[in-house]
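Structure file run-v4.tsv (TSV, C-alpha atoms and all ligand atoms) follows.
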chain	number	residue	atom	x	y	z
A	1	MET	CA	-11.34	18.25	10.30
A	2	SER	CA	-13.85	21.05	10.42
A	3	ALA	CA	-15.91	21.76	7.33
A	4	LEU	CA	-13.17	24.07	6.11
A	5	THR	CA	-9.90	23.15	7.78
A	6	PRO	CA	-7.94	20.01	6.81
A	7	GLU	CA	-6.24	17.99	9.57
A	8	SER	CA	-2.94	17.87	7.72
A	9	PRO	CA	-1.14	21.12	6.94
A	10	LEU	CA	-0.17	19.50	3.63
A	11	ALA	CA	-3.79	19.56	2.42
A	12	SER	CA	-4.92	22.84	0.89
A	13	LYS	CA	-8.59	22.29	1.52
A	14	VAL	CA	-11.44	19.98	2.42
A	15	PHE	CA	-13.42	18.43	-0.43
A	16	PRO	CA	-15.83	16.18	1.47
A	17	SER	CA	-16.81	12.66	0.42
A	18	PRO	CA	-19.92	11.09	1.98
A	19	ASN	CA	-18.36	7.62	1.72
A	20	HIS	CA	-17.24	6.79	5.25
A	21	GLY	CA	-18.43	5.20	8.49
A	22	GLU	CA	-17.46	4.41	12.05
A	23	ARG	CA	-14.11	2.70	12.73
A	24	LYS	CA	-14.90	-0.72	14.28
A	25	ASP	CA	-14.23	-1.17	18.00
A	26	GLY	CA	-13.07	2.42	18.36
A	27	GLN	CA	-9.84	1.64	16.51
A	28	ARG	CA	-7.36	4.39	15.71
A	29	PRO	CA	-5.25	4.55	12.55
A	30	SER	CA	-2.22	2.25	12.82
A	31	MET	CA	-1.56	1.75	9.10
A	32	LEU	CA	-1.14	3.95	6.05
A	33	ILE	CA	-2.27	2.53	2.69
A	34	LEU	CA	-1.24	4.08	-0.62
A	35	HIS	CA	-3.28	3.76	-3.83
A	36	TYR	CA	-3.30	5.01	-7.35
A	37	THR	CA	-6.65	6.05	-8.80
A	38	GLY	CA	-6.23	4.01	-12.00
A	39	MET	CA	-8.37	6.46	-13.99
A	40	PRO	CA	-7.30	8.53	-17.04
A	41	HIS	CA	-8.57	11.88	-15.68
A	42	GLU	CA	-7.84	13.01	-12.15
A	43	GLY	CA	-10.94	15.23	-11.95
A	44	GLU	CA	-13.15	12.25	-12.71
A	45	ALA	CA	-11.30	10.12	-10.17
A	46	LEU	CA	-11.91	12.77	-7.51
A	47	GLN	CA	-15.61	13.02	-8.38
A	48	TRP	CA	-15.92	9.21	-8.22
A	49	LEU	CA	-14.41	9.12	-4.71
A	50	CYS	CA	-16.98	11.73	-3.63
A	51	ASN	CA	-19.98	10.15	-5.37
A	52	PRO	CA	-22.31	8.28	-2.97
A	53	VAL	CA	-22.98	5.73	-5.73
A	54	SER	CA	-19.33	4.61	-5.85
A	55	GLN	CA	-19.14	3.54	-2.17
A	56	VAL	CA	-15.40	4.23	-2.28
A	57	SER	CA	-13.28	7.00	-0.81
A	58	ALA	CA	-9.95	7.79	0.80
A	59	HIS	CA	-8.87	10.27	3.45
A	60	TYR	CA	-6.63	12.22	1.08
A	61	PHE	CA	-6.32	12.81	-2.66
A	62	VAL	CA	-3.05	13.94	-4.29
A	63	PHE	CA	-3.14	15.55	-7.74
A	64	GLY	CA	-0.38	15.13	-10.30
A	65	ASP	CA	0.84	18.68	-9.59
A	66	GLY	CA	1.17	17.89	-5.88
A	67	ARG	CA	-1.97	19.62	-4.58
A	68	VAL	CA	-3.64	17.70	-1.73
A	69	LEU	CA	-7.30	17.58	-0.71
A	70	GLN	CA	-8.80	15.97	2.38
A	71	LEU	CA	-11.97	14.00	1.60
A	72	VAL	CA	-12.70	12.13	4.85
A	73	PRO	CA	-11.91	13.00	8.51
A	74	GLU	CA	-9.03	10.90	9.85
A	75	SER	CA	-11.19	9.71	12.76
A	76	ARG	CA	-13.62	8.11	10.31
A	77	ARG	CA	-13.41	4.80	8.41
A	78	ALA	CA	-12.89	5.63	4.72
A	79	TRP	CA	-13.71	2.94	2.17
A	80	HIS	CA	-10.45	2.41	0.28
A	81	ALA	CA	-8.97	-1.04	1.04
A	82	GLY	CA	-11.95	-3.36	0.51
A	83	LEU	CA	-11.40	-7.08	1.10
A	84	SER	CA	-7.87	-7.12	2.47
A	85	SER	CA	-5.58	-8.38	5.22
A	86	TRP	CA	-2.27	-7.67	6.90
A	87	ASP	CA	-0.55	-9.22	9.90
A	88	GLY	CA	-3.69	-11.21	10.73
A	89	GLU	CA	-6.04	-8.20	10.57
A	90	HIS	CA	-8.82	-8.22	8.01
A	91	ASP	CA	-10.70	-4.96	8.51
A	92	ILE	CA	-7.93	-2.78	7.13
A	93	ASN	CA	-10.27	0.19	6.62
A	94	SER	CA	-10.94	0.34	10.36
A	95	CYS	CA	-7.26	0.61	11.27
A	96	SER	CA	-5.83	2.65	8.41
A	97	ILE	CA	-5.62	5.98	6.65
A	98	GLY	CA	-5.84	5.87	2.86
A	99	ILE	CA	-4.22	8.16	0.30
A	100	GLU	CA	-5.35	8.12	-3.33
A	101	ILE	CA	-2.63	9.26	-5.74
A	102	ALA	CA	-3.95	10.47	-9.10
A	103	ASN	CA	-2.32	8.26	-11.72
A	104	PRO	CA	-3.84	6.30	-14.63
A	105	GLY	CA	-2.00	3.18	-13.48
A	106	HIS	CA	-1.68	-0.11	-15.33
A	107	PRO	CA	-4.88	0.45	-17.39
A	108	GLY	CA	-3.35	3.73	-18.60
A	109	GLY	CA	0.07	2.34	-19.49
A	110	LEU	CA	1.66	3.00	-16.08
A	111	PRO	CA	2.91	6.59	-16.56
A	112	PRO	CA	5.54	7.66	-14.01
A	113	PHE	CA	4.57	9.75	-10.98
A	114	PRO	CA	5.59	13.41	-11.36
A	115	GLU	CA	8.32	14.58	-8.96
A	116	GLU	CA	6.10	17.27	-7.36
A	117	GLN	CA	3.39	14.67	-6.70
A	118	ILE	CA	5.81	12.30	-4.98
A	119	GLU	CA	7.19	15.14	-2.84
A	120	SER	CA	3.63	15.89	-1.70
A	121	VAL	CA	2.84	12.24	-1.02
A	122	ALA	CA	6.06	11.87	1.02
A	123	ALA	CA	5.38	15.02	3.07
A	124	LEU	CA	1.74	14.08	3.67
A	125	ALA	CA	2.67	10.52	4.63
A	126	LYS	CA	5.39	11.79	6.96
A	127	ASP	CA	2.90	14.09	8.67
A	128	ILE	CA	0.34	11.26	9.09
A	129	VAL	CA	2.76	8.60	10.39
A	130	THR	CA	4.26	11.11	12.82
A	131	ARG	CA	0.94	12.30	14.24
A	132	TRP	CA	-0.49	8.77	14.56
A	133	ARG	CA	2.84	7.03	15.40
A	134	ILE	CA	2.35	4.54	12.57
A	135	PRO	CA	5.25	2.03	12.39
A	136	ALA	CA	7.36	2.04	9.21
A	137	THR	CA	6.40	-1.58	8.49
A	138	ARG	CA	2.74	-0.56	8.35
A	139	VAL	CA	3.09	1.90	5.47
A	140	LEU	CA	1.92	-0.28	2.58
A	141	GLY	CA	0.47	-0.41	-0.88
A	142	HIS	CA	-3.04	-1.58	-1.66
A	143	SER	CA	-1.40	-4.51	-3.48
A	144	ASP	CA	0.32	-5.57	-0.23
A	145	VAL	CA	-2.97	-5.90	1.67
A	146	ALA	CA	-5.03	-7.22	-1.27
A	147	PRO	CA	-2.49	-9.13	-3.44
A	148	GLY	CA	-5.16	-11.25	-5.10
A	149	ARG	CA	-7.18	-8.28	-6.34
A	150	LYS	CA	-5.05	-5.15	-6.55
A	151	VAL	CA	-1.81	-4.00	-8.16
A	152	ASP	CA	-1.78	-0.35	-7.00
A	153	PRO	CA	0.13	1.89	-6.47
A	154	GLY	CA	2.21	-0.19	-8.93
A	155	GLU	CA	5.85	-1.07	-9.43
A	156	LEU	CA	6.78	2.46	-10.53
A	157	PHE	CA	5.83	3.91	-7.17
A	158	PRO	CA	9.12	5.10	-5.60
A	159	TRP	CA	9.07	3.40	-2.19
A	160	LYS	CA	12.82	3.97	-1.96
A	161	LYS	CA	12.33	7.74	-2.19
A	162	LEU	CA	9.64	7.60	0.46
A	163	HIS	CA	11.98	5.66	2.71
A	164	GLU	CA	14.69	8.25	2.17
A	165	ALA	CA	12.14	10.88	3.24
A	166	GLY	CA	11.63	8.91	6.47
A	167	VAL	CA	8.49	7.00	5.50
A	168	GLY	CA	8.07	3.24	5.29
A	169	HIS	CA	10.27	0.17	5.61
A	170	TRP	CA	12.68	-0.65	2.83
A	171	VAL	CA	16.06	-2.30	2.20
A	172	ALA	CA	18.14	-2.23	-0.97
A	173	PRO	CA	16.92	-5.17	-3.08
A	174	ALA	CA	19.40	-8.01	-3.60
A	175	ALA	CA	20.77	-8.13	-7.14
A	176	THR	CA	18.78	-10.24	-9.56
A	177	SER	CA	20.58	-13.19	-11.06
A	178	ASP	CA	19.70	-16.41	-12.78
A	179	GLY	CA	19.86	-19.58	-10.79
A	180	ARG	CA	17.64	-21.60	-8.57
A	181	PHE	CA	14.12	-20.35	-8.07
A	182	PHE	CA	10.66	-21.46	-7.05
A	183	SER	CA	7.51	-21.01	-9.08
A	184	ARG	CA	3.98	-22.27	-9.70
A	185	GLY	CA	3.56	-25.97	-9.00
A	186	ASP	CA	6.63	-26.41	-6.75
A	187	GLN	CA	5.98	-28.12	-3.43
A	188	GLY	CA	7.68	-29.01	-0.21
A	189	MET	CA	9.67	-27.60	2.68
A	190	PRO	CA	11.31	-24.70	0.80
A	191	ILE	CA	7.87	-23.48	-0.32
A	192	GLU	CA	6.56	-23.78	3.21
A	193	ALA	CA	9.56	-21.77	4.43
A	194	LEU	CA	8.98	-19.09	1.79
A	195	GLN	CA	5.28	-18.83	2.69
A	196	ALA	CA	6.14	-18.65	6.39
A	197	MET	CA	8.53	-15.74	5.75
A	198	LEU	CA	5.90	-13.86	3.73
A	199	VAL	CA	3.33	-14.41	6.51
A	200	MET	CA	5.89	-13.38	9.14
A	201	TYR	CA	6.35	-10.10	7.32
A	202	GLY	CA	2.57	-9.54	7.26
A	203	TYR	CA	1.18	-10.87	3.99
A	204	GLY	CA	-2.11	-12.77	4.11
A	205	LEU	CA	-1.34	-16.26	2.78
A	206	LYS	CA	-2.03	-19.88	3.66
A	207	ILE	CA	1.10	-21.85	4.60
A	208	ASN	CA	0.48	-25.13	2.79
A	209	GLY	CA	3.81	-25.97	1.17
A	210	VAL	CA	2.38	-25.55	-2.34
A	211	PHE	CA	3.44	-22.73	-4.68
A	212	ASP	CA	-0.16	-22.10	-5.73
A	213	GLU	CA	-1.85	-19.15	-7.42
A	214	ASP	CA	-2.20	-17.24	-4.13
A	215	THR	CA	1.50	-17.68	-3.40
A	216	GLU	CA	2.38	-16.41	-6.86
A	217	LYS	CA	0.23	-13.31	-6.35
A	218	VAL	CA	1.75	-12.58	-2.96
A	219	VAL	CA	5.27	-12.99	-4.37
A	220	ALA	CA	4.35	-10.56	-7.17
A	221	ALA	CA	2.93	-8.08	-4.63
A	222	PHE	CA	6.13	-8.36	-2.61
A	223	GLN	CA	8.22	-7.71	-5.73
A	224	ARG	CA	6.06	-4.74	-6.73
A	225	HIS	CA	6.91	-3.05	-3.44
A	226	PHE	CA	10.37	-4.30	-2.54
A	227	ARG	CA	12.08	-5.67	-5.70
A	228	PRO	CA	10.34	-3.82	-8.55
A	229	GLU	CA	13.01	-4.53	-11.18
A	230	ARG	CA	11.25	-7.77	-12.09
A	231	VAL	CA	7.63	-8.44	-11.11
A	232	ASP	CA	6.86	-11.96	-12.28
A	233	GLY	CA	5.65	-13.90	-9.22
A	234	VAL	CA	8.70	-16.18	-9.40
A	235	ALA	CA	10.56	-16.53	-6.09
A	236	ASP	CA	14.13	-16.14	-7.36
A	237	ALA	CA	17.17	-15.83	-5.10
A	238	SER	CA	17.02	-12.02	-5.15
A	239	THR	CA	13.38	-12.02	-4.04
A	240	ILE	CA	14.02	-14.45	-1.19
A	241	THR	CA	17.19	-12.66	-0.04
A	242	THR	CA	15.41	-9.29	-0.12
A	243	LEU	CA	12.56	-10.71	1.97
A	244	ARG	CA	15.02	-12.21	4.47
A	245	ASN	CA	16.89	-8.90	4.72
A	246	LEU	CA	13.65	-6.99	5.28
A	247	ILE	CA	12.60	-9.31	8.10
A	248	ALA	CA	16.04	-9.00	9.69
A	249	ALA	CA	15.88	-5.20	9.41
A	250	ARG	CA	12.49	-4.84	11.03
A	251	PRO	CA	12.57	-2.26	13.81
A	252	GLN	CA	12.02	-3.81	17.24
A	253	ALA	CA	8.36	-3.58	18.22
A	254	ALA	CA	7.75	-0.94	20.88
A	255	ALA	CA	7.36	-2.53	24.31
A	301	ZN	ZN	-6.35	0.97	-4.33

Give the structure from the file, written as structure tokens.
Amino acid sequence: MSALTPESPLASKVFPSPNHGERKDGQRPSMLILHYTGMPHEGEALQWLCNPVSQVSAHYFVFGDGRVLQLVPESRRAWHAGLSSWDGEHDINSCSIGIEIANPGHPGGLPPFPEEQIESVAALAKDIVTRWRIPATRVLGHSDVAPGRKVDPGELFPWKKLHEAGVGHWVAPAATSDGRFFSRGDQGMPIEALQAMLVMYGYGLKINGVFDEDTEKVVAAFQRHFRPERVDGVADASTITTLRNLIAARPQAAA
């Protein structure tokens, strides 16, 4: 981006943040990470992302009314993901582009995202994944890459709508029902198999055959994104079937 011209045609202008650095090892963006700001006032959230004291930023900021600003050049490493991991990679900031969506989030009672905001997010995301050839399976929430620390963009974020707009990986969640399930304290082969499936999809988790706190948080993160009807960290049949269907529906990796 030049001082005045955003890189995405969806952004109306540049509003520069000083909070960025060099991408490690000359990496290029291969992931797109979505966030909510989690602050009551969007103007304050924007100022915070541009304040050198905060040490946080994102490449783009989307207001509730759908207006988009670019804060950090796409070639630079914005500071949005923090301690995180996906598919064995740990420096997510170096290989991703981050979008901050203005929304008060869980601390603010989880208000829904306005329609015009989601349309902007979808169009911006579509532009970014197209220009950088980012695979659908690498369009993720902050909670997917940092399940132990983060819950944004939250279970009200309409991943299904994004998928319908051509962004991200998604399958219809299997219907929830009562019946057999796995939860905290369970151990053994089925837990190991569940953990292996979560790791196969990309989540950062130790495969140890114990349904521990980390497993519960990863299951909750998975539900938040892919089976938002019930986010409780319990691996019920619907959760496991949805995960299996997602893995089966993964697009073949480009040769
Ligand atoms: Zn975040």

Would you mind listing the residues within 8 Å of ligand ZN 301 (chain A), counting all atoms listed in the file, as a PDB file with C-alpha atoms, keeping the file's coordinate frame?
ATOM      1  CA  LEU A  34      -1.240   4.080  -0.620  1.00  0.00           C
ATOM      2  CA  HIS A  35      -3.280   3.760  -3.830  1.00  0.00           C
ATOM      3  CA  TYR A  36      -3.300   5.010  -7.350  1.00  0.00           C
ATOM      4  CA  THR A  37      -6.650   6.050  -8.800  1.00  0.00           C
ATOM      5  CA  HIS A  80     -10.450   2.410   0.280  1.00  0.00           C
ATOM      6  CA  ALA A  81      -8.970  -1.040   1.040  1.00  0.00           C
ATOM      7  CA  GLU A 100      -5.350   8.120  -3.330  1.00  0.00           C
ATOM      8  CA  GLY A 141       0.470  -0.410  -0.880  1.00  0.00           C
ATOM      9  CA  HIS A 142      -3.040  -1.580  -1.660  1.00  0.00           C
ATOM     10  CA  SER A 143      -1.400  -4.510  -3.480  1.00  0.00           C
ATOM     11  CA  LYS A 150      -5.050  -5.150  -6.550  1.00  0.00           C
ATOM     12  CA  VAL A 151      -1.810  -4.000  -8.160  1.00  0.00           C
ATOM     13  CA  ASP A 152      -1.780  -0.350  -7.000  1.00  0.00           C
ATOM     14  CA  PRO A 153       0.130   1.890  -6.470  1.00  0.00           C
TER      15      PRO A 153
END

- Query: Hey, what's within 7 Å of Ser17 of chain A if we count only C-alpha atoms and toss same-chain stuff fewer than 4 positions away? As a ChimeraX atom specification, please?
  - Reply: /A:49-50,57,71-72

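Atom pair atom CA of Pro173 of chain A / atom CA of Met31 of chain A has a distance of 23.2 Å (rounded to one decimal).
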
Given only C-alpha atoms, how would the per-residue table for segment 98-183 of chain A near segment 243-253 of chain A read, listing every residue at most 9 Å away with its closest atom pair and distance in Å to one decimal, sorted by chain and number, as JSON lines?
{"residue": "A:Pro135", "atom": "CA", "partner": "A:Pro251", "partner_atom": "CA", "distance": 8.6}
{"residue": "A:Ala136", "atom": "CA", "partner": "A:Pro251", "partner_atom": "CA", "distance": 8.2}
{"residue": "A:Thr137", "atom": "CA", "partner": "A:Arg250", "partner_atom": "CA", "distance": 7.4}
{"residue": "A:His169", "atom": "CA", "partner": "A:Arg250", "partner_atom": "CA", "distance": 7.7}
{"residue": "A:Trp170", "atom": "CA", "partner": "A:Leu246", "partner_atom": "CA", "distance": 6.9}
{"residue": "A:Val171", "atom": "CA", "partner": "A:Leu246", "partner_atom": "CA", "distance": 6.1}
{"residue": "A:Ala172", "atom": "CA", "partner": "A:Asn245", "partner_atom": "CA", "distance": 8.9}
{"residue": "A:Pro173", "atom": "CA", "partner": "A:Asn245", "partner_atom": "CA", "distance": 8.6}
{"residue": "A:Ala174", "atom": "CA", "partner": "A:Asn245", "partner_atom": "CA", "distance": 8.7}

Output C-alpha atoms for every residue in the selection just made, as a tab-separated table (two decimals), keeping the file's coordinate frame.
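Done, and the output landed in out29.tsv:
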chain	number	residue	atom	x	y	z
A	135	PRO	CA	5.25	2.03	12.39
A	136	ALA	CA	7.36	2.04	9.21
A	137	THR	CA	6.40	-1.58	8.49
A	169	HIS	CA	10.27	0.17	5.61
A	170	TRP	CA	12.68	-0.65	2.83
A	171	VAL	CA	16.06	-2.30	2.20
A	172	ALA	CA	18.14	-2.23	-0.97
A	173	PRO	CA	16.92	-5.17	-3.08
A	174	ALA	CA	19.40	-8.01	-3.60

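Among the candidate residues A:Ser120, A:Ser8, A:Ser177, A:Ser75, the one lying nearest to Ala165 of chain A is A:Ser120, with distances computed using all atoms listed in the file.
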
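The smallest atom-to-atom distance between Gly108 of chain A and any of A:Ile33, A:His41, A:Met197, A:Ile191, using all atoms listed in the file, is found for A:His41.
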
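The space separating atom CA of Ala235 of chain A from atom CA of Gly82 of chain A comes to 26.9 Å.
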
- Select, counting all atoms listed in the file, all protein, DNA and RNA residues no farther than 9 Å from (8.4, 8.1, -7.8) in file coordinates, and express the selection as a count of residues only. 14

- Message: Using all atoms listed in the file for the distances, tell me which of A:Trp86, A:Phe182, A:Trp132, A:Tyr60 is nearest to Tyr203 of chain A.
- Response: A:Trp86

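Atom to atom, atom CA of Leu198 of chain A and atom CA of Ser96 of chain A stand 20.8 Å apart.
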
Taking 3 positions as the minimum chain separation for residues in the same chain, which residues sit within 7 Å of Gly185 of chain A when counting all atoms listed in the file? Answer as a PDB file with C-alpha atoms, in the frame of the given file.
ATOM      1  CA  VAL A 210       2.380 -25.550  -2.340  1.00  0.00           C
ATOM      2  CA  PHE A 211       3.440 -22.730  -4.680  1.00  0.00           C
ATOM      3  CA  ASP A 212      -0.160 -22.100  -5.730  1.00  0.00           C
TER       4      ASP A 212
END

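For the residues A:Ser12, A:Gln70, A:Ser85, A:Ser94, ranking by smallest atom-to-atom distance to Lys24 of chain A using all atoms listed in the file places A:Ser94 first.
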
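Excluding Gly64 of chain A itself and any same-chain residue fewer than 2 positions from it, the protein and nucleic acid residues within 8 Å of it, counting all atoms listed in the file, are Glu42, Val62, Gly66, Arg67, Ile101, Ala102, Asn103, Phe113, Pro114, Glu116 and Gln117 of chain A.
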
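Counting only C-alpha atoms and comparing A:Leu4, A:Met189, A:Ala221, A:Ala175, the residue that lies closest to Asn208 of chain A is A:Met189.
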
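Distance annotation: of A:Ile99, A:Glu89, A:Gly179, A:Gln223, the residue with the minimal separation from Leu46 of chain A is A:Ile99; atom set is all atoms listed in the file.
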
- Task: Take the point (-13.4, 11.6, 4.4) in the file's coordinates, draw a sphere of radius 12 Å around it, and report as an NGL selection string every protein, DNA or RNA residue with an atom inside or on it, counting only C-alpha atoms.
- Result: :A and (1-3 or 6-7 or 14-22 or 49-51 or 55-61 or 69-80 or 97-100)
